[in-house]
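Engineer: Before I ask anything, here is the structure I am working with.
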Amino acid sequence: MSDTETKLFAVLGNPIAHSLSPLLHSFFMEQCHYNGVYLAFAPKKEELAQAIAGLKALGAKGINVTIPYKEAVIPYLADLTPQAKICQAVNTLILTEKGFIGDNTDGNGLIKALEKQHGWQPEGRKILLIGAGGAAKGVAAAIARRQVAEIVIVNRTKEKAESLAKLLAQHSECLIKVLDWDALQQETLYQNVDTFINTTPMGMSPHIEAMAPVRMECLCEDHMAVDLIYNPLETKFLRLAKAQGAKTASGLGMFVEQGALSFAAWTTITPETTDAYRLIAETLNNG
Ligand code: NAP
């Protein structure tokens, strides 16, 4: 394929109109002088296989997959990366000679964002994951592959936290604990954990006054509070954590960095992300 040929990329989800991925990837392409287009599609579940086969036939080099297809797409793939095998969910399809390989860049995107914004690295950390859904799996799979000291999972439905812990234990040596949802009320938890990651949608627009039942008065400057939500850019959880002196990070960085990792996997070009943070923040602020 010559450089004069426009390469095709896409995101599949349903609904998809709200997705900022086309904006982000078009920005990376322009910034990197890369000749490509990135389009959003919302196939129905029963059309997913056709959509992927169609994009492959049209020569698409890469596809992003978002809610609700991160797991549903797996049967149509040639293989999974080790990262995607752990979490059994993909957000990035990379075209190879075998067909599309599924990867999950969500967790490494979050780690990159925290490194960039706070110099935070997972090694030696004691990390609390609040929630055990799709996003939590992606994050857990990435941090469990680094030398974290401990991962503690609390989820409203404890069985889901337990099955995530079981999945992680098959692939990681790190200490993994599951606690009851009520453990968020125990003061000792806050002495034993240094990083709190909210992976639930509690606090997401329009329910901006919602928040996981974290004891905010137990947070201090030694803690890092992370919210995967980026709409609003500062959730109630982050606002209160900041008031306690904790370092904070929203899901904006994760969104930009997971996109940059997908872009790099498709094109072998690693985009600079600082301006993309600004672009996405401005877009969100302008509603
Ligand atoms: P999901 O698969 O539906 O999982 C939701 C999780 O939150 C589950 O563990 C669920 O607990 C818990 N939960 C939901 N409502 C709750 C409530 N009222 N009280 C207590 N727990 C509750 O969703 P997801 O795909 O993981 O997405 C979660 C969040 O991450 C969303 O806000 C999404 O926008 C964000 N996200 C951000 C990025 C990024 O790039 N920044 C990427 C992916 C996702 P149960 O198991 O008990 O139902």
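FYI, nothing fancy with the structure tokens labels: chains A, B, ... in order, residues from 1 per chain, ligands from 1 as they appear.
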Write out as a count of residues only each polymer residue (protein, DNA or RNA) that has an atom no more than 9 Å from ligand 1, with only C-alpha atoms and all ligand atoms counted.

Structural biologist: 53

Engineer: Which of segment 134-267 of chain A end up as helix (DSSP H, G or I) when DSSP is run on this backbone - answer as a ChimeraX atom specification?

Structural biologist: /A:134-144,158-169,181-185,187-192,216-218,236-243,251-267

Engineer: Provide the atom CA of Cys220 of chain A to atom CA of Leu175 of chain A distance in Å, to one decimal place.

Structural biologist: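 It comes out at 24.0 Å.
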
Engineer: Here is a test: counting only C-alpha atoms, which residue of A:Val73, A:Leu48, A:Ala183, A:Ile86 is nearest to Leu164 of chain A?

Structural biologist: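 Using only C-alpha atoms, Leu164 of chain A sits closest to A:Ile86.
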
Engineer: Which one is closest to Gly245 of chain A: A:Cys218, A:Trp266, A:Cys174, A:Ala10? Count only C-alpha atoms.

Structural biologist: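 Using only C-alpha atoms, Gly245 of chain A sits closest to A:Cys218.
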
Engineer: Using the chain letters and numbers from this document, which residues of segment 57-217 of chain A does DSSP assign to strand (DSSP E or B), as number ranges by chain?

Structural biologist: A: 62-65, 79-80, 92-96, 99-103, 126-130, 150-154, 175-179, 195-198

Engineer: When you draw a straight line from atom CA of Pro206 of chain A to atom CA of Leu20 of chain A, how long is it in Å?

Structural biologist: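 These two atoms are separated by 17.8 Å.
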
Engineer: Between atom CA of Leu114 of chain A and atom CA of Asn285 of chain A, what is the distance in Å, rounded to a tenth?

Structural biologist: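 Interatomic distance, atom CA of Leu114 of chain A to atom CA of Asn285 of chain A: 21.3 Å.
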
Engineer: With only C-alpha atoms as the basis for distance, which of A:Asp275, A:Asp222, A:Glu282, A:Glu5 is at the shortest distance from Val193 of chain A?

Structural biologist: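 Closest to Val193 of chain A, using only C-alpha atoms: A:Asp222.
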
Engineer: Using only C-alpha atoms, which protein or nucleic acid residues come within 8 Å of Gln185 of chain A? Drop anything in the same chain fewer than 3 positions from it, and give the result as JSON, numbers by chain.

Structural biologist: {"A": [182, 213, 214, 215]}

Engineer: Excluding Ala169 of chain A and its own-chain neighbours fewer than 6 positions away, which residues fall within 12 Å of it when counting only C-alpha atoms? Please give them as a count of residues only.

Structural biologist: 14

Engineer: Residues at most 12 Å from Glu209 of chain A, counting only C-alpha atoms, excluding those fewer than 6 positions away in the same chain, as a PyMOL selection string?

Structural biologist: chain A and resi 201-203+232+234-240

Engineer: Please identify all polymer residues within 9 Å of segment 101-104 of chain A, counting only C-alpha atoms, omitting same-chain residues fewer than 2 positions from it, and present them as an NGL selection string.

Structural biologist: :A and (73-74 or 77-85 or 87-96 or 98-99 or 106-108 or 138 or 142 or 258 or 262)
